[in-house]
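J.: This is the structure I want to talk about, given as structure tokens.
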Amino acid sequence: MIDKTKELETSKISKLLWQYALPAVVSQIVTSVYNIVDRIFLGHSVDGNGTVYLAALAITFPVMNIIHAFGSLVGAGASSRMSIVLGRKDVRWAEKILGNTMLLTFFFGFLFVTAGYVWMRPILTLFGASAQTLEFACQYMDVVLPGMFLVTMTYNLTGLIRASGYPTKAMWIMIGGALINIVLDYVFINLMEMGVLGAAWGTTISMAITALVSVIHFVQPHSFIRFRTHAWAPKLYIFRNILAIGISPFSMNVAAFAVVAVLNKQLSIYGGDNAVAVYGVVNSAAGLIFMMFLGVCQGMQPIAGYNYGANRNDRLREVYILTMKVCVALGIVGTALSMFFPRTIISCFNSEDAILAVGVPALRYLMVFAPLIAFTIVNSQLFQSIDQPWIAIVTSLSRQVIFLIPITLILPGIIDRAGGDGVTGVWLSCMICDFLGASLSAVLLLTHRQVFTVGYVPPLRKPRKELGPKEDVQ
């Protein structure tokens with residue numbers, strides 16, 4: 001069974017990164033497709049409510065981000081930890097991680113679904129919903145909330161499928177779900193004219209199918225890591241290890257939750273529903289490039305984690321440098337496309353003149369520093385992969401919280417009082433913070449460069465009482 005992941009320590013790094021990153025990039029893009037497809041179909045809705053639907057879905061961004069944050073808290077932490085322990089050749093420990101990941105997924109799923117239904121209207125109103133958009137946003141969330149639990153389960157399990165040596169299978173699971181979602185959106189929104197309810201049901205049904213397929217993988221006899229009786233026993237040290245690593249992506253997603261809420265509120269003040277709708281469109285378009293960054297980093301993660309656990313720091317350095325080159329190159333492509341073809345990109349979602357007038361400059365502002373965003377994301381993912389959660393947290397939060405929220409609350413008002421456009425002030429705030437976040441990320445990387453030193457031995461703590469004689473695997 002170890003042979004399934006042994007290649008992570010022996011194969012050529014460029015081959016491995018391609019082998020793991022390509023399926024992860026495709027999976028990340030497919031994940032974006034779930035939201036993007038909803039927006040494309042709704043933006044061109046035959047009932048003429050396209051702009052209102054886009055604004056309503058933009059209002060749900062913060063709620064979706066906080067739910068995804070709990071998913072990443074468990075999923076990213078579990079997959080990183082599994083890669084590290086597989087580097088130590090401990091299959092039994094990896095199976096315990098699988099079982100305990102499911103326990104945490106059920107716990108947080110029950111938590112956010114219940115809280116979402118209890119406080120849905122006050123939350124959406126807080127995030128900038130107007131009287132016109134609130135009802136549509138509530139209709140969407142009523143159906144999607146249970147579906148988001150399935151999204152979380154799929155995200156967590158496909159991460160573990162990738163970490164245990166099946167990156168291509170994880171990709172095809174996500175592709176299949178996306179294709180089902182596209183078909184269902186067309187049927188529910190275009191043919192049955194169900195509006196936001198159609199988008200919600202399309203997403204929920206497709207994710208139910210992908211979650212089921214992901215579970216089936218871990219009960220098949222040929223799977224490298226499987227559900228076994230011993231794996232379901234709750235282990236506090238595994239909970240702690242998963243959450244310690246997962247706290248970085250969790251913090252990043254919570255930060256995104258806060259940032260989207262603040263941006264929606266500021267855009268609503270200075271530009272109304274049209275500006276909020278534009279942010280939903282621009283966020284989806286830019287999100288494709290950012291998802292590529294995360295996909296390449298997810299490809300790096302099992303390679304980096306495994307070699308970190310195996311004390312192969314030379315290979316850790318090699319995969320980091322290659323990942324950085326690829327992501328920065330993707331950032332340059334994203335910036336070029338946004339500078340030269342913004343109207344074409346925005347028109348894919350909505351071609352109304354009012355949306356294009358605000359959306360074209362917005363996309364340029366948000367994507368001008370895409371290579372710097374790539375630099376920050378790669379560094380954050382590196383620290384997450386090698387069990388340095390607190391450094392990863394600071395790296396990921398610098399751009400979104402430390403800089404962006406205060407600047408966004410201050411700069412648009414200053415520009416508005418000076419006779420300028422407050423909406424432009426919101427976009428400028430994002431651009432400034434991309435530069436500041438990358439600068440801080442560079443400093444943190446330099447202060448922790450010893451992880452690349454040959455001979456550096458990382459700690460991997462496990463309670464002594466868990467190190468006794470191994471029982472037979474049940």
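All residue names refer to the structure tokens as shown: chains lettered A, B, ... in order, residues numbered from 1 in each chain, ligands numbered from 1 in order.
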If you count only C-alpha atoms, which residues fall within 6 Å of A:Ser248, apart from same-chain ones fewer than 5 positions away, as a short mmCIF file (atom, residue, chain, number, x, y, z; two decimals) with C-alpha atoms, in the first residue's frame?

T.:
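The resulting around_9.cif:
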data_model
loop_
_atom_site.label_atom_id
_atom_site.label_comp_id
_atom_site.auth_asym_id
_atom_site.auth_seq_id
_atom_site.Cartn_x
_atom_site.Cartn_y
_atom_site.Cartn_z
CA PRO A 389 -0.19 26.84 10.96
CA ALA A 392 0.28 30.36 7.44
CA ILE A 393 -2.46 32.25 9.29
#

J.: Excluding stretch 286-289 of chain A and residues on its chain fewer than 5 positions from it, collect all residues at most 8 Å away from it, counting only C-alpha atoms, and give them as a list of chain:residue names.

T.: A:Ile29, A:Ser32, A:Leu330, A:Gly331, A:Gly334, A:Leu363, A:Leu366, A:Met367

J.: Would you please work out which residue, of A:Ile67, A:Ala336, A:Leu179, A:Arg162, is nearest to A:Pro146 when using only C-alpha atoms?

T.: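 Smallest distance to A:Pro146 is found for A:Ile67.
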
J.: Rank A:Leu157, A:Val118, A:Val259, A:Met300 by their smallest atom-to-atom distance to A:Cys433, using only C-alpha atoms, and report the top residue only.

T.: A:Val259

J.: May I ask which of the residues A:Tyr270, A:Phe250, A:Phe340, A:Tyr155 is the closest one to A:Val215, counting only C-alpha atoms?

T.: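 Selected residue with least distance to A:Val215: A:Tyr155.
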